[in-house]
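J.: Just run_6.pdb, nothing more (PDB, C-alpha atoms):
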```
ATOM      1  CA  MET A   1      12.048 -43.709 -24.915
ATOM      2  CA  GLN A   2      13.587 -40.757 -26.751
ATOM      3  CA  ARG A   3      13.335 -37.194 -25.432
ATOM      4  CA  ILE A   4      13.511 -34.197 -27.779
ATOM      5  CA  ARG A   5      13.946 -30.594 -26.659
ATOM      6  CA  LEU A   6      12.524 -27.822 -28.827
ATOM      7  CA  ARG A   7      12.950 -24.067 -28.980
ATOM      8  CA  TYR A   8      10.010 -22.129 -30.372
ATOM      9  CA  THR A   9       9.013 -18.507 -30.916
ATOM     10  CA  LYS A  10       6.017 -16.209 -30.461
ATOM     11  CA  ARG A  11       6.158 -13.533 -33.149
ATOM     12  CA  GLY A  12       3.933 -10.816 -34.560
ATOM     13  CA  ARG A  13       0.262 -11.052 -33.646
ATOM     14  CA  LEU A  14       0.838 -14.522 -32.206
ATOM     15  CA  ARG A  15       2.547 -12.872 -29.211
ATOM     16  CA  PHE A  16      -0.993 -12.456 -27.872
ATOM     17  CA  THR A  17      -1.458 -16.238 -27.836
ATOM     18  CA  SER A  18      -1.916 -17.554 -24.314
ATOM     19  CA  HIS A  19       0.108 -20.506 -23.079
ATOM     20  CA  ARG A  20      -3.031 -22.650 -23.121
ATOM     21  CA  ASP A  21      -3.715 -21.671 -26.745
ATOM     22  CA  PHE A  22      -0.156 -22.649 -27.655
ATOM     23  CA  GLN A  23      -0.575 -26.009 -25.930
ATOM     24  CA  ARG A  24      -3.676 -26.749 -27.997
ATOM     25  CA  ALA A  25      -1.977 -25.695 -31.249
ATOM     26  CA  PHE A  26       1.112 -27.773 -30.438
ATOM     27  CA  GLU A  27      -0.865 -30.914 -29.608
ATOM     28  CA  ARG A  28      -2.723 -30.559 -32.930
ATOM     29  CA  ALA A  29       0.655 -30.226 -34.676
ATOM     30  CA  LEU A  30       1.851 -33.426 -32.985
ATOM     31  CA  ARG A  31      -1.148 -35.284 -34.385
ATOM     32  CA  ARG A  32      -0.781 -33.811 -37.878
ATOM     33  CA  ALA A  33       2.911 -34.698 -37.983
ATOM     34  CA  GLU A  34       2.111 -38.211 -36.708
ATOM     35  CA  VAL A  35       4.718 -37.954 -33.964
ATOM     36  CA  PRO A  36       4.943 -41.231 -31.963
ATOM     37  CA  MET A  37       4.261 -39.580 -28.620
ATOM     38  CA  ALA A  38       4.565 -41.268 -25.256
ATOM     39  CA  TYR A  39       1.453 -40.836 -23.111
ATOM     40  CA  SER A  40       0.877 -40.594 -19.396
ATOM     41  CA  ALA A  41      -0.916 -43.368 -17.529
ATOM     42  CA  GLY A  42      -4.290 -43.084 -15.824
ATOM     43  CA  PHE A  43      -7.916 -42.502 -16.853
ATOM     44  CA  THR A  44      -7.112 -39.452 -19.035
ATOM     45  CA  PRO A  45      -3.795 -40.108 -20.805
ATOM     46  CA  HIS A  46      -2.155 -37.053 -22.332
ATOM     47  CA  PRO A  47       1.001 -36.566 -24.416
ATOM     48  CA  LYS A  48       4.188 -36.275 -22.391
ATOM     49  CA  VAL A  49       5.083 -32.639 -23.043
ATOM     50  CA  SER A  50       6.999 -30.574 -20.485
ATOM     51  CA  TYR A  51       6.878 -26.790 -20.856
ATOM     52  CA  ALA A  52       9.503 -24.600 -19.214
ATOM     53  CA  ASN A  53       8.960 -21.015 -18.039
ATOM     54  CA  ALA A  54       6.552 -19.755 -20.703
ATOM     55  CA  ALA A  55       6.499 -16.034 -21.489
ATOM     56  CA  PRO A  56       3.490 -13.981 -20.329
ATOM     57  CA  THR A  57       0.603 -13.486 -22.757
ATOM     58  CA  GLY A  58       1.155 -10.397 -24.919
ATOM     59  CA  THR A  59       4.954 -10.638 -25.008
ATOM     60  CA  GLY A  60       6.921 -11.885 -27.984
ATOM     61  CA  SER A  61       9.701 -14.409 -27.607
ATOM     62  CA  GLU A  62      12.579 -15.912 -29.526
ATOM     63  CA  ALA A  63      13.416 -18.383 -26.782
ATOM     64  CA  GLU A  64      10.624 -20.613 -25.482
ATOM     65  CA  TYR A  65      11.432 -24.227 -24.608
ATOM     66  CA  LEU A  66       9.649 -27.542 -24.226
ATOM     67  CA  GLU A  67      10.483 -31.238 -24.117
ATOM     68  CA  ILE A  68       8.574 -34.167 -25.609
ATOM     69  CA  ALA A  69       8.905 -37.914 -25.028
ATOM     70  CA  LEU A  70       8.644 -40.341 -27.962
ATOM     71  CA  THR A  71       8.039 -44.082 -28.083
ATOM     72  CA  GLN A  72      10.126 -44.392 -31.269
ATOM     73  CA  ALA A  73      13.346 -42.602 -32.170
ATOM     74  CA  ARG A  74      13.126 -39.783 -34.710
ATOM     75  CA  ASP A  75      15.710 -37.517 -36.304
ATOM     76  CA  PRO A  76      15.427 -34.207 -34.376
ATOM     77  CA  GLN A  77      15.846 -31.988 -37.449
ATOM     78  CA  LYS A  78      13.262 -33.814 -39.546
ATOM     79  CA  LEU A  79      10.906 -33.766 -36.582
ATOM     80  CA  ARG A  80      11.427 -30.015 -36.195
ATOM     81  CA  GLU A  81      10.576 -29.433 -39.858
ATOM     82  CA  LEU A  82       7.398 -31.500 -39.664
ATOM     83  CA  LEU A  83       6.202 -29.750 -36.516
ATOM     84  CA  ASP A  84       7.055 -26.286 -37.828
ATOM     85  CA  GLU A  85       5.036 -26.932 -40.997
ATOM     86  CA  SER A  86       2.068 -27.900 -38.823
ATOM     87  CA  MET A  87       2.167 -24.788 -36.610
ATOM     88  CA  PRO A  88       0.685 -21.345 -37.406
ATOM     89  CA  ASP A  89       3.098 -18.719 -38.743
ATOM     90  CA  GLY A  90       4.502 -16.866 -35.767
ATOM     91  CA  LEU A  91       4.546 -19.940 -33.544
ATOM     92  CA  ASP A  92       7.694 -21.314 -35.135
ATOM     93  CA  ILE A  93       9.664 -24.393 -34.095
ATOM     94  CA  VAL A  94      13.205 -23.170 -34.732
ATOM     95  CA  GLU A  95      15.472 -25.713 -33.044
ATOM     96  CA  ALA A  96      15.425 -29.345 -31.925
ATOM     97  CA  VAL A  97      18.004 -31.467 -30.111
ATOM     98  CA  GLU A  98      17.913 -34.894 -28.528
ATOM     99  CA  ALA A  99      17.928 -34.603 -24.736
ATOM    100  CA  ARG A 100      21.213 -36.132 -23.604
ATOM    101  CA  THR A 101      21.478 -34.303 -20.276
ATOM    102  CA  SER A 102      19.107 -33.729 -17.375
ATOM    103  CA  GLY A 103      17.631 -30.599 -15.891
ATOM    104  CA  LEU A 104      16.550 -28.322 -18.748
ATOM    105  CA  ALA A 105      14.345 -26.285 -16.414
ATOM    106  CA  ASP A 106      17.276 -25.884 -14.007
ATOM    107  CA  ARG A 107      19.263 -24.181 -16.791
ATOM    108  CA  LEU A 108      16.638 -21.472 -17.268
ATOM    109  CA  THR A 109      17.760 -19.073 -14.553
ATOM    110  CA  ALA A 110      17.635 -15.716 -16.381
ATOM    111  CA  SER A 111      16.097 -13.982 -19.388
ATOM    112  CA  VAL A 112      17.122 -11.228 -21.781
ATOM    113  CA  TRP A 113      14.239  -8.916 -22.699
ATOM    114  CA  GLU A 114      13.880  -6.051 -25.168
ATOM    115  CA  LEU A 115      11.334  -3.332 -24.407
ATOM    116  CA  ARG A 116      10.350  -0.931 -27.202
ATOM    117  CA  LEU A 117       8.899   2.276 -25.742
ATOM    118  CA  ASP A 118       7.253   4.225 -28.560
ATOM    119  CA  GLY A 119       6.700   7.870 -27.742
ATOM    120  CA  VAL A 120       9.482   7.969 -25.130
ATOM    121  CA  ASP A 121      12.510  10.192 -25.661
ATOM    122  CA  PRO A 122      15.734   8.162 -25.327
ATOM    123  CA  ALA A 123      17.209  10.826 -23.016
ATOM    124  CA  ASP A 124      14.254  10.433 -20.637
ATOM    125  CA  ALA A 125      14.715   6.669 -20.728
ATOM    126  CA  GLU A 126      18.422   7.016 -19.891
ATOM    127  CA  ARG A 127      17.644   9.171 -16.865
ATOM    128  CA  ALA A 128      15.024   6.681 -15.674
ATOM    129  CA  VAL A 129      17.425   3.751 -16.112
ATOM    130  CA  ALA A 130      20.108   5.604 -14.147
ATOM    131  CA  ALA A 131      17.652   6.252 -11.300
ATOM    132  CA  PHE A 132      16.595   2.588 -11.292
ATOM    133  CA  ASP A 133      20.194   1.346 -11.298
ATOM    134  CA  THR A 134      21.232   3.496  -8.346
ATOM    135  CA  ALA A 135      18.230   2.539  -6.206
ATOM    136  CA  ASP A 136      18.787  -0.078  -3.515
ATOM    137  CA  THR A 137      15.210  -1.304  -3.774
ATOM    138  CA  VAL A 138      12.311  -0.468  -6.073
ATOM    139  CA  GLU A 139       8.996  -1.599  -4.658
ATOM    140  CA  VAL A 140       6.183  -2.296  -7.108
ATOM    141  CA  GLN A 141       2.738  -3.774  -6.783
ATOM    142  CA  ARG A 142       1.053  -6.514  -8.787
ATOM    143  CA  ARG A 143      -2.519  -7.672  -8.536
ATOM    144  CA  THR A 144      -2.787 -11.440  -8.010
ATOM    145  CA  LYS A 145      -5.687 -13.794  -7.371
ATOM    146  CA  ASN A 146      -4.956 -13.376  -3.651
ATOM    147  CA  GLY A 147      -4.975  -9.589  -3.810
ATOM    148  CA  VAL A 148      -2.353  -6.894  -4.352
ATOM    149  CA  ARG A 149       1.234  -7.998  -3.690
ATOM    150  CA  THR A 150       4.167  -5.647  -3.049
ATOM    151  CA  PHE A 151       7.722  -6.770  -3.844
ATOM    152  CA  ASP A 152      11.150  -5.487  -4.853
ATOM    153  CA  ALA A 153      11.698  -5.340  -8.635
ATOM    154  CA  ARG A 154      15.301  -4.114  -8.374
ATOM    155  CA  SER A 155      17.123  -7.089  -6.833
ATOM    156  CA  ALA A 156      16.367  -9.482  -9.715
ATOM    157  CA  VAL A 157      17.607  -7.092 -12.411
ATOM    158  CA  VAL A 158      21.192  -7.870 -13.414
ATOM    159  CA  ARG A 159      21.449  -5.300 -16.191
ATOM    160  CA  LEU A 160      19.213  -2.561 -17.595
ATOM    161  CA  GLU A 161      20.444  -0.334 -20.406
ATOM    162  CA  THR A 162      19.224   1.761 -23.317
ATOM    163  CA  HIS A 163      19.837   0.989 -26.991
ATOM    164  CA  LEU A 164      19.296   2.892 -30.208
ATOM    165  CA  PRO A 165      16.261   1.879 -32.314
ATOM    166  CA  GLN A 166      16.965  -0.313 -35.310
ATOM    167  CA  ALA A 167      17.629   1.580 -38.529
ATOM    168  CA  ASP A 168      14.755  -0.142 -40.341
ATOM    169  CA  ARG A 169      12.166   1.110 -37.833
ATOM    170  CA  PRO A 170      10.208   4.343 -38.425
ATOM    171  CA  ILE A 171      11.716   7.359 -36.682
ATOM    172  CA  ASP A 172       8.874   9.873 -37.083
ATOM    173  CA  GLN A 173       8.330   9.829 -33.322
ATOM    174  CA  PRO A 174      10.545   9.382 -30.247
ATOM    175  CA  CYS A 175      11.362   5.797 -29.366
ATOM    176  CA  ALA A 176      13.480   4.291 -26.605
ATOM    177  CA  ILE A 177      14.748   0.723 -26.581
ATOM    178  CA  LEU A 178      15.601  -0.941 -23.270
ATOM    179  CA  ARG A 179      17.558  -4.174 -22.906
ATOM    180  CA  LEU A 180      16.930  -6.034 -19.669
ATOM    181  CA  VAL A 181      18.617  -9.053 -18.082
ATOM    182  CA  VAL A 182      16.609 -10.401 -15.158
ATOM    183  CA  ARG A 183      17.063 -13.430 -12.934
ATOM    184  CA  HIS A 184      14.219 -15.905 -12.522
ATOM    185  CA  VAL A 185      13.308 -15.478  -8.866
ATOM    186  CA  THR A 186      10.233 -15.918  -6.689
ATOM    187  CA  PRO A 187       8.085 -13.917  -7.020
ATOM    188  CA  ALA A 188       8.965 -13.595 -10.712
ATOM    189  CA  VAL A 189      10.013 -10.124 -11.830
ATOM    190  CA  ARG A 190       8.528  -9.485 -15.269
ATOM    191  CA  PRO A 191       9.238  -6.700 -17.763
ATOM    192  CA  ASP A 192       6.021  -4.907 -16.810
ATOM    193  CA  ASP A 193       7.210  -4.901 -13.186
ATOM    194  CA  VAL A 194      10.414  -3.148 -14.274
ATOM    195  CA  LEU A 195       8.326  -0.607 -16.200
ATOM    196  CA  SER A 196       6.320  -0.027 -13.020
ATOM    197  CA  GLY A 197       9.617   0.481 -11.216
ATOM    198  CA  LEU A 198      10.784   3.052 -13.780
ATOM    199  CA  ARG A 199       7.531   4.893 -13.285
ATOM    200  CA  ALA A 200       8.015   4.809  -9.521
ATOM    201  CA  VAL A 201      11.617   6.104  -9.465
ATOM    202  CA  ALA A 202      11.566   8.489 -12.445
ATOM    203  CA  ASP A 203       7.929   9.017 -13.476
ATOM    204  CA  LEU A 204       8.616   7.339 -16.831
ATOM    205  CA  ALA A 205       5.222   6.527 -18.347
ATOM    206  CA  PRO A 206       5.132   5.437 -22.012
ATOM    207  CA  PRO A 207       2.057   6.845 -23.824
ATOM    208  CA  VAL A 208       1.368   3.444 -25.434
ATOM    209  CA  PRO A 209       1.955  -0.094 -24.124
ATOM    210  CA  ALA A 210       5.526  -1.311 -24.510
ATOM    211  CA  ALA A 211       6.328  -3.929 -27.135
ATOM    212  CA  VAL A 212       8.161  -6.609 -25.155
ATOM    213  CA  THR A 213      10.187  -9.495 -26.619
ATOM    214  CA  ARG A 214      12.204 -12.162 -24.867
ATOM    215  CA  LEU A 215      15.453 -12.485 -26.811
ATOM    216  CA  ALA A 216      17.015 -15.325 -24.819
ATOM    217  CA  GLN A 217      16.735 -17.357 -21.654
ATOM    218  CA  GLY A 218      19.143 -19.774 -20.103
ATOM    219  CA  LEU A 219      21.740 -20.207 -17.402
ATOM    220  CA  PHE A 220      23.197 -16.948 -16.092
ATOM    221  CA  ASP A 221      26.997 -16.943 -16.176
ATOM    222  CA  GLU A 222      28.176 -15.103 -13.070
ATOM    223  CA  GLU A 223      31.670 -14.476 -14.511
ATOM    224  CA  THR A 224      30.706 -13.039 -17.904
ATOM    225  CA  GLY A 225      27.212 -11.747 -17.145
ATOM    226  CA  ALA A 226      25.909 -13.599 -20.197
ATOM    227  CA  VAL A 227      22.777 -15.727 -20.496
ATOM    228  CA  THR A 228      23.971 -18.997 -22.041
ATOM    229  CA  ASP A 229      22.184 -21.305 -24.494
ATOM    230  CA  PRO A 230      20.345 -24.008 -22.486
ATOM    231  CA  LEU A 231      20.512 -26.506 -25.352
ATOM    232  CA  ALA A 232      24.299 -26.271 -25.716
ATOM    233  CA  PRO A 233      25.033 -29.130 -23.250
ATOM    234  CA  ASP A 234      22.828 -31.470 -25.300
ATOM    235  CA  ARG A 235      24.576 -30.500 -28.542
ATOM    236  CA  GLU A 236      27.972 -31.007 -26.917
ATOM    237  CA  ALA A 237      26.933 -34.411 -25.580
ATOM    238  CA  ALA A 238      25.679 -35.416 -29.020
ATOM    239  CA  GLY A 239      28.959 -34.301 -30.585
ATOM    240  CA  ALA A 240      30.997 -36.224 -28.037
ATOM    241  CA  SER A 241      28.895 -39.338 -28.664
ATOM    242  CA  SER A 242      29.384 -39.043 -32.435
ATOM    243  CA  THR A 243      33.134 -38.647 -31.996
ATOM    244  CA  ALA A 244      33.287 -41.696 -29.721
ATOM    245  CA  ASP A 245      31.286 -43.760 -32.220
ATOM    246  CA  ALA A 246      33.571 -42.716 -35.076
ATOM    247  CA  THR A 247      36.669 -43.582 -33.033
ATOM    248  CA  ALA A 248      35.268 -47.003 -32.115
ATOM    249  CA  ALA A 249      34.419 -47.696 -35.756
ATOM    250  CA  ALA A 250      37.930 -46.724 -36.869
ATOM    251  CA  LYS A 251      39.498 -49.080 -34.305
ATOM    252  CA  ALA A 252      37.248 -52.012 -35.157
ATOM    253  CA  PRO A 253      38.966 -54.852 -37.037
ATOM    254  CA  ALA A 254      38.291 -54.976 -40.762
TER     255      ALA A 254
END
```
Re-express the file's structure as structure tokens.

T.:
Amino acid sequence: MQRIRLRYTKRGRLRFTSHRDFQRAFERALRRAEVPMAYSAGFTPHPKVSYANAAPTGTGSEAEYLEIALTQARDPQKLRELLDESMPDGLDIVEAVEARTSGLADRLTASVWELRLDGVDPADAERAVAAFDTADTVEVQRRTKNGVRTFDARSAVVRLETHLPQADRPIDQPCAILRLVVRHVTPAVRPDDVLSGLRAVADLAPPVPAAVTRLAQGLFDEETGAVTDPLAPDREAAGASSTADATAAAKAPA
């Protein structure tokens, strides 16, 4: 059985696609591309697809991950192309590697988010970020199916900083860009929780909903503060295997 790991995106209007909607679209793409999927056992077999830490509905993402199991080996790049052609524009399959290591989900320990706050003066955003950074705890509330839950949104945030808007974006109104690095903890601290925290500590309230995009997710490097690529170990293992095969071929008798 071959396992393939994929990175996909949620862009444009497709950011409002729910995780369940994506699952349906992806399973249709698997059928269209005639992927030789492995299926679970039991009375209702289903394709062996493992999703890892999907972004909330309404947020864009450049770094969503899943893993599929195949009954026949396929070239990862050709498979990626076939699946991408079968998906709607905006739900793009952008990377594929053969799984040569274990524990993909264990390597998703932090995310990098970008929050675009239209109508917010960058100076106001800087003051709010400074107040958030200096706070020991920032309690926020979230409504769940079991009622309202109160938790600390500050402890999971590794870094929160302001950035200038991109030059190609309209500048006819104030706009603040926040870049957020947050650990994956329980309960999960989401970008909207951090916005609630900014409102609590500095009364920062964007006049329109923030445009939120996940730029990356992966293993958090404690030494550098970077969020590393979770597919890198599989690429490295594939490269090492190719090198070993080439060396063995070179040493083989003619």

J.: Skip Asp118 in chain A itself and residues of its chain fewer than 6 positions away, then list as an mmCIF file with C-alpha atoms, in the frame of the given file all residues within 12 Å of it, counting all atoms listed in the file.

T.:
```cif
data_model
loop_
_atom_site.group_PDB
_atom_site.id
_atom_site.type_symbol
_atom_site.label_atom_id
_atom_site.label_comp_id
_atom_site.auth_asym_id
_atom_site.auth_seq_id
_atom_site.Cartn_x
_atom_site.Cartn_y
_atom_site.Cartn_z
ATOM 1 C CA ALA A 125 14.715 6.669 -20.728
ATOM 2 C CA PRO A 165 16.261 1.879 -32.314
ATOM 3 C CA ARG A 169 12.166 1.110 -37.833
ATOM 4 C CA PRO A 170 10.208 4.343 -38.425
ATOM 5 C CA ILE A 171 11.716 7.359 -36.682
ATOM 6 C CA ASP A 172 8.874 9.873 -37.083
ATOM 7 C CA GLN A 173 8.330 9.829 -33.322
ATOM 8 C CA PRO A 174 10.545 9.382 -30.247
ATOM 9 C CA CYS A 175 11.362 5.797 -29.366
ATOM 10 C CA ALA A 176 13.480 4.291 -26.605
ATOM 11 C CA ILE A 177 14.748 0.723 -26.581
ATOM 12 C CA LEU A 178 15.601 -0.941 -23.270
ATOM 13 C CA ALA A 205 5.222 6.527 -18.347
ATOM 14 C CA PRO A 206 5.132 5.437 -22.012
ATOM 15 C CA PRO A 207 2.057 6.845 -23.824
ATOM 16 C CA VAL A 208 1.368 3.444 -25.434
ATOM 17 C CA PRO A 209 1.955 -0.094 -24.124
ATOM 18 C CA ALA A 210 5.526 -1.311 -24.510
ATOM 19 C CA ALA A 211 6.328 -3.929 -27.135
ATOM 20 C CA VAL A 212 8.161 -6.609 -25.155
#
```

J.: Could you jot down the CA of Ser196 in chain A to CA of Asp229 in chain A separation for me, Å, one decimal place?

T.: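 The value is 28.9 Å.
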
J.: Kindly give the distance, in Å, that separates CA of Arg159 in chain A and CA of Arg107 in chain A, rounded to a single decimal.

T.: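 Straight-line distance from CA of Arg159 in chain A to CA of Arg107 in chain A works out to 19.0 Å.
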
J.: For a quick check of understanding, using only C-alpha atoms, which of A:His184, A:Arg142, A:Arg179, A:Lys48 has the smallest distance to Gly218 in chain A?

T.: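 Closest residue, counting only C-alpha atoms: A:His184.
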
J.: Care to translate the PyMOL selection byres ((chain A and resi 28) around 12) into actual residues of this file, as a tab-separated table (two decimals) with C-alpha atoms, keeping the file's coordinate frame?

T.:
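After the write, out_27.tsv holds the following:
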```
chain	number	residue	atom	x	y	z
A	21	ASP	CA	-3.72	-21.67	-26.74
A	22	PHE	CA	-0.16	-22.65	-27.66
A	23	GLN	CA	-0.57	-26.01	-25.93
A	24	ARG	CA	-3.68	-26.75	-28.00
A	25	ALA	CA	-1.98	-25.70	-31.25
A	26	PHE	CA	1.11	-27.77	-30.44
A	27	GLU	CA	-0.86	-30.91	-29.61
A	29	ALA	CA	0.66	-30.23	-34.68
A	30	LEU	CA	1.85	-33.43	-32.98
A	31	ARG	CA	-1.15	-35.28	-34.38
A	32	ARG	CA	-0.78	-33.81	-37.88
A	33	ALA	CA	2.91	-34.70	-37.98
A	34	GLU	CA	2.11	-38.21	-36.71
A	35	VAL	CA	4.72	-37.95	-33.96
A	47	PRO	CA	1.00	-36.57	-24.42
A	83	LEU	CA	6.20	-29.75	-36.52
A	84	ASP	CA	7.06	-26.29	-37.83
A	85	GLU	CA	5.04	-26.93	-41.00
A	86	SER	CA	2.07	-27.90	-38.82
A	87	MET	CA	2.17	-24.79	-36.61
A	88	PRO	CA	0.68	-21.34	-37.41
```

J.: So how far away is CA of Arg15 in chain A from CA of Thr59 in chain A, in Å?

T.: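 If I compute the distance from CA of Thr59 in chain A to CA of Arg15 in chain A, I get 5.3 Å.
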
J.: Using all atoms listed in the file, pick whichever of A:Ala73, A:Ala131, A:Leu231, A:Ile4 has the shortest atom-to-atom distance to Gln217 in chain A.

T.: A:Leu231

J.: Would you kindly translate the PyMOL selection byres ((chain A and resi 192) around 12) into the concrete residues it picks from this file, as a ChimeraX atom specification?

T.: /A:56-59,113-117,140-142,153,180,188-191,193-199,205-206,209-213
